[in-house]
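This report refers to the structure that appears directly beneath it.
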Amino acid sequence: MHEMALCESLMAIIEQEATMGRFHQVHSVSLEVGLLAGVEPEALQFGFQAVTHGTVAEGAELRILPATAQALCVLCGLEETISRPMSLCPACHGPLHVSGGRGLRIKEMEVE
Ligand SMILES: [Zn+2]
């Protein structure tokens with residue numbers, strides 16, 4: 001379960017921001033999660049609750065924003081927005097070049 005590790009690095013970023021931004025309470029975190037990252041939103045929520053316990057982000061709401069990926073066919077030039085892993089072009093079955101949809105990114109944080 002790599003969600004726990006993801007939450008730990010997320011928390012490390014929040015703590016770092018807390019030190020630099022001098023806020024003492026996080027109310028919510030909006031996290032963009034790539035749909036191809038293989039992350040379970042429920043596991044992420046669970047991990048977030050666990051790692052934020054006793055920190056500046058304790059009780060904060062985690063908002064998960066799904067991020068799609070872009071696929072481009074190298075043969076026919078078809079461009080498509082995809083939300084699940086695909087490796088072949090639906091039109092010509094050529095190889096797809098996929099970009100985005102794999103990372104996690106903090107979009108917004110409500111702090112005090
Ligand atoms: Zn194609």
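Note on naming: chains are A, B, ... as they come in the structure tokens, residues start from 1 per chain, ligands start from 1 in the order shown.
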
**Study point:** Within-6 Å residues of ligand 1, basis only C-alpha atoms and all ligand atoms, as an MDAnalysis selection string
**Key:** chainID A and resid 73 75:78 89 91:94

Point to revise | chain A: residues DSSP assigns to helix (DSSP H, G or I), reported as an MDAnalysis selection string | key: chainID A and resid 3:21 41:52

Practice item. Could you give me, as a list in words, the residues within 12 Å of Met86 of chain A, counting only C-alpha atoms and dropping anything in the same chain fewer than 3 positions from it? Key: Leu35, Leu36, Ala69, Gln70, Ala71, Leu72, Cys73, Glu80, Thr81, Ile82, Ser83, Cys89, Pro90, His93, Gly94, Pro95, Leu96, His97, Val98, Ser99 and Gly101 of chain A

Check your understanding: atom CA of Glu108 of chain A to atom CA of Phe46 of chain A: how many Å, to one decimal?
Key ->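 Value for the atom CA of Glu108 of chain A-atom CA of Phe46 of chain A distance: 19.6 Å.
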
Check your understanding: In Å, with one decimal, what is the gap from atom CA of Gly103 of chain A to atom CA of Val56 of chain A?
Key ->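 Between atom CA of Gly103 of chain A and atom CA of Val56 of chain A the gap is 24.2 Å.
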
Review point. Leaving out Ser30 of chain A and any residue of its chain fewer than 6 positions from it, which residues lie within 7 Å of it when counting only C-alpha atoms, given as a ChimeraX atom specification?
Key: /A:62-65,106-109

Print the selection's residues with N, CA and C atoms to a file, as a PDB file, in the first residue's frame.
```
ATOM      1  N   LEU A  62      -9.343  16.461   3.467  1.00  0.00           N
ATOM      2  CA  LEU A  62      -8.566  16.173   2.267  1.00  0.00           C
ATOM      3  C   LEU A  62      -9.516  16.101   1.086  1.00  0.00           C
ATOM      4  N   ARG A  63      -9.331  17.039   0.145  1.00  0.00           N
ATOM      5  CA  ARG A  63     -10.175  17.036  -1.048  1.00  0.00           C
ATOM      6  C   ARG A  63      -9.355  16.461  -2.190  1.00  0.00           C
ATOM      7  N   ILE A  64      -9.855  15.390  -2.749  1.00  0.00           N
ATOM      8  CA  ILE A  64      -9.130  14.733  -3.834  1.00  0.00           C
ATOM      9  C   ILE A  64      -9.716  15.149  -5.177  1.00  0.00           C
ATOM     10  N   LEU A  65      -8.884  15.752  -5.999  1.00  0.00           N
ATOM     11  CA  LEU A  65      -9.318  16.197  -7.322  1.00  0.00           C
ATOM     12  C   LEU A  65      -8.684  15.301  -8.364  1.00  0.00           C
ATOM     13  N   ILE A 106      -0.293  19.280  -4.671  1.00  0.00           N
ATOM     14  CA  ILE A 106      -1.152  20.085  -3.802  1.00  0.00           C
ATOM     15  C   ILE A 106      -1.608  21.296  -4.602  1.00  0.00           C
ATOM     16  N   LYS A 107      -2.910  21.431  -4.765  1.00  0.00           N
ATOM     17  CA  LYS A 107      -3.457  22.545  -5.532  1.00  0.00           C
ATOM     18  C   LYS A 107      -3.740  23.726  -4.633  1.00  0.00           C
ATOM     19  N   GLU A 108      -4.247  23.449  -3.468  1.00  0.00           N
ATOM     20  CA  GLU A 108      -4.694  24.512  -2.595  1.00  0.00           C
ATOM     21  C   GLU A 108      -4.660  24.052  -1.143  1.00  0.00           C
ATOM     22  N   MET A 109      -4.393  24.989  -0.258  1.00  0.00           N
ATOM     23  CA  MET A 109      -4.427  24.670   1.153  1.00  0.00           C
ATOM     24  C   MET A 109      -5.077  25.822   1.891  1.00  0.00           C
TER      25      MET A 109
END
```

Dump as JSON lines the rows for residues of segment 34-98 of chain A within 8 Å of segment 9-28 of chain A: closest atom pair and distance in Å with one decimal, only C-alpha atoms counted, ordered by chain and rising residue number.
```
{"residue": "A:Val51", "atom": "CA", "partner": "A:Met11", "partner_atom": "CA", "distance": 6.9}
{"residue": "A:Thr52", "atom": "CA", "partner": "A:Met11", "partner_atom": "CA", "distance": 6.9}
{"residue": "A:Val56", "atom": "CA", "partner": "A:Gln25", "partner_atom": "CA", "distance": 4.9}
{"residue": "A:Ala57", "atom": "CA", "partner": "A:Val26", "partner_atom": "CA", "distance": 4.7}
{"residue": "A:Glu58", "atom": "CA", "partner": "A:Val26", "partner_atom": "CA", "distance": 7.5}
{"residue": "A:Gly59", "atom": "CA", "partner": "A:His27", "partner_atom": "CA", "distance": 7.3}
{"residue": "A:Ala60", "atom": "CA", "partner": "A:His27", "partner_atom": "CA", "distance": 4.6}
{"residue": "A:Glu61", "atom": "CA", "partner": "A:Ser28", "partner_atom": "CA", "distance": 4.4}
{"residue": "A:Leu62", "atom": "CA", "partner": "A:Ser28", "partner_atom": "CA", "distance": 5.8}
{"residue": "A:Arg63", "atom": "CA", "partner": "A:Ser28", "partner_atom": "CA", "distance": 7.2}
```

Point to revise | chain A: residues DSSP assigns to strand (DSSP E), reported as an MDAnalysis selection string | key: chainID A and resid 26:34 61:67 69:73 79:82 96:99 104:111

Could you take the residues named above and write them with N, CA and C atoms, as an mmCIF file, in the first residue's frame?
```cif
data_model
loop_
_atom_site.group_PDB
_atom_site.id
_atom_site.type_symbol
_atom_site.label_atom_id
_atom_site.label_comp_id
_atom_site.auth_asym_id
_atom_site.auth_seq_id
_atom_site.Cartn_x
_atom_site.Cartn_y
_atom_site.Cartn_z
ATOM 1 N N VAL A 26 -4.123 23.804 9.579
ATOM 2 C CA VAL A 26 -4.557 23.559 8.209
ATOM 3 C C VAL A 26 -6.014 23.111 8.257
ATOM 4 N N HIS A 27 -6.859 23.786 7.483
ATOM 5 C CA HIS A 27 -8.281 23.432 7.478
ATOM 6 C C HIS A 27 -8.613 22.429 6.384
ATOM 7 N N SER A 28 -8.007 22.626 5.217
ATOM 8 C CA SER A 28 -8.259 21.675 4.147
ATOM 9 C C SER A 28 -7.084 21.653 3.174
ATOM 10 N N VAL A 29 -6.943 20.528 2.522
ATOM 11 C CA VAL A 29 -5.904 20.360 1.519
ATOM 12 C C VAL A 29 -6.576 19.836 0.256
ATOM 13 N N SER A 30 -6.398 20.545 -0.856
ATOM 14 C CA SER A 30 -6.910 20.061 -2.129
ATOM 15 C C SER A 30 -5.753 19.423 -2.875
ATOM 16 N N LEU A 31 -5.910 18.154 -3.119
ATOM 17 C CA LEU A 31 -4.832 17.394 -3.735
ATOM 18 C C LEU A 31 -5.269 16.864 -5.097
ATOM 19 N N GLU A 32 -4.474 17.220 -6.100
ATOM 20 C CA GLU A 32 -4.755 16.715 -7.436
ATOM 21 C C GLU A 32 -4.100 15.345 -7.558
ATOM 22 N N VAL A 33 -4.901 14.353 -7.887
ATOM 23 C CA VAL A 33 -4.381 12.986 -7.977
ATOM 24 C C VAL A 33 -4.586 12.463 -9.389
ATOM 25 N N GLY A 34 -3.502 12.103 -10.034
ATOM 26 C CA GLY A 34 -3.577 11.578 -11.386
ATOM 27 C C GLY A 34 -4.363 10.276 -11.414
ATOM 28 N N GLU A 61 -9.563 18.642 6.179
ATOM 29 C CA GLU A 61 -10.293 17.902 5.172
ATOM 30 C C GLU A 61 -9.382 17.679 3.968
ATOM 31 N N LEU A 62 -9.343 16.461 3.467
ATOM 32 C CA LEU A 62 -8.566 16.173 2.267
ATOM 33 C C LEU A 62 -9.516 16.101 1.086
ATOM 34 N N ARG A 63 -9.331 17.039 0.145
ATOM 35 C CA ARG A 63 -10.175 17.036 -1.048
ATOM 36 C C ARG A 63 -9.355 16.461 -2.190
ATOM 37 N N ILE A 64 -9.855 15.390 -2.749
ATOM 38 C CA ILE A 64 -9.130 14.733 -3.834
ATOM 39 C C ILE A 64 -9.716 15.149 -5.177
ATOM 40 N N LEU A 65 -8.884 15.752 -5.999
ATOM 41 C CA LEU A 65 -9.318 16.197 -7.322
ATOM 42 C C LEU A 65 -8.684 15.301 -8.364
ATOM 43 N N PRO A 66 -9.499 14.515 -9.058
ATOM 44 C CA PRO A 66 -8.931 13.602 -10.048
ATOM 45 C C PRO A 66 -8.377 14.362 -11.266
ATOM 46 N N ALA A 67 -7.199 13.983 -11.692
ATOM 47 C CA ALA A 67 -6.580 14.617 -12.858
ATOM 48 C C ALA A 67 -6.452 13.597 -13.986
ATOM 49 N N ALA A 69 -5.292 12.239 -17.914
ATOM 50 C CA ALA A 69 -4.044 12.204 -18.658
ATOM 51 C C ALA A 69 -4.335 12.486 -20.134
ATOM 52 N N GLN A 70 -3.316 12.879 -20.870
ATOM 53 C CA GLN A 70 -3.450 13.122 -22.297
ATOM 54 C C GLN A 70 -2.736 12.021 -23.060
ATOM 55 N N ALA A 71 -3.445 11.481 -24.033
ATOM 56 C CA ALA A 71 -2.821 10.446 -24.857
ATOM 57 C C ALA A 71 -2.725 10.953 -26.293
ATOM 58 N N LEU A 72 -1.600 10.690 -26.884
ATOM 59 C CA LEU A 72 -1.390 11.091 -28.274
ATOM 60 C C LEU A 72 -0.890 9.880 -29.049
ATOM 61 N N CYS A 73 -1.576 9.578 -30.144
ATOM 62 C CA CYS A 73 -1.158 8.439 -30.956
ATOM 63 C C CYS A 73 -0.004 8.862 -31.854
ATOM 64 N N GLU A 79 -5.677 12.556 -30.524
ATOM 65 C CA GLU A 79 -5.441 13.058 -29.181
ATOM 66 C C GLU A 79 -6.651 12.777 -28.335
ATOM 67 N N GLU A 80 -6.427 12.236 -27.139
ATOM 68 C CA GLU A 80 -7.559 11.924 -26.291
ATOM 69 C C GLU A 80 -7.227 12.152 -24.826
ATOM 70 N N THR A 81 -8.264 12.541 -24.087
ATOM 71 C CA THR A 81 -8.131 12.658 -22.642
ATOM 72 C C THR A 81 -8.533 11.325 -22.063
ATOM 73 N N ILE A 82 -7.666 10.745 -21.264
ATOM 74 C CA ILE A 82 -7.988 9.423 -20.731
ATOM 75 C C ILE A 82 -8.000 9.423 -19.199
ATOM 76 N N LEU A 96 0.435 4.549 -28.051
ATOM 77 C CA LEU A 96 0.050 5.859 -27.530
ATOM 78 C C LEU A 96 1.163 6.445 -26.675
ATOM 79 N N HIS A 97 1.318 7.749 -26.801
ATOM 80 C CA HIS A 97 2.232 8.459 -25.932
ATOM 81 C C HIS A 97 1.370 9.147 -24.873
ATOM 82 N N VAL A 98 1.525 8.725 -23.611
ATOM 83 C CA VAL A 98 0.662 9.251 -22.548
ATOM 84 C C VAL A 98 1.436 10.230 -21.673
ATOM 85 N N SER A 99 0.831 11.380 -21.430
ATOM 86 C CA SER A 99 1.464 12.332 -20.530
ATOM 87 C C SER A 99 0.491 12.796 -19.460
ATOM 88 N N LEU A 104 0.915 13.474 -8.085
ATOM 89 C CA LEU A 104 0.089 14.065 -7.039
ATOM 90 C C LEU A 104 0.606 15.480 -6.804
ATOM 91 N N ARG A 105 -0.310 16.394 -6.660
ATOM 92 C CA ARG A 105 0.097 17.783 -6.522
ATOM 93 C C ARG A 105 -0.860 18.510 -5.591
ATOM 94 N N ILE A 106 -0.293 19.280 -4.671
ATOM 95 C CA ILE A 106 -1.152 20.085 -3.802
ATOM 96 C C ILE A 106 -1.608 21.296 -4.602
ATOM 97 N N LYS A 107 -2.910 21.431 -4.765
ATOM 98 C CA LYS A 107 -3.457 22.545 -5.532
ATOM 99 C C LYS A 107 -3.740 23.726 -4.633
ATOM 100 N N GLU A 108 -4.247 23.449 -3.468
ATOM 101 C CA GLU A 108 -4.694 24.512 -2.595
ATOM 102 C C GLU A 108 -4.660 24.052 -1.143
ATOM 103 N N MET A 109 -4.393 24.989 -0.258
ATOM 104 C CA MET A 109 -4.427 24.670 1.153
ATOM 105 C C MET A 109 -5.077 25.822 1.891
ATOM 106 N N GLU A 110 -6.061 25.494 2.710
ATOM 107 C CA GLU A 110 -6.706 26.522 3.522
ATOM 108 C C GLU A 110 -6.032 26.480 4.880
ATOM 109 N N VAL A 111 -5.400 27.596 5.230
ATOM 110 C CA VAL A 111 -4.658 27.603 6.489
ATOM 111 C C VAL A 111 -5.034 28.793 7.366
#
```

Check your understanding: Restricting the calculation to only C-alpha atoms, which member of A:Val74, A:Leu88, A:Val39, A:Ala50 is positioned closest to Glu3 of chain A?
Key -> A:Val39

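For the residues A:Thr55, A:His2, A:Gly38, A:Ala43, ranking by smallest atom-to-atom distance to Arg84 of chain A using only C-alpha atoms places A:Gly38 first.
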
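Atom to atom, atom CA of Gln45 of chain A and atom CA of Thr68 of chain A stand 19.7 Å apart.
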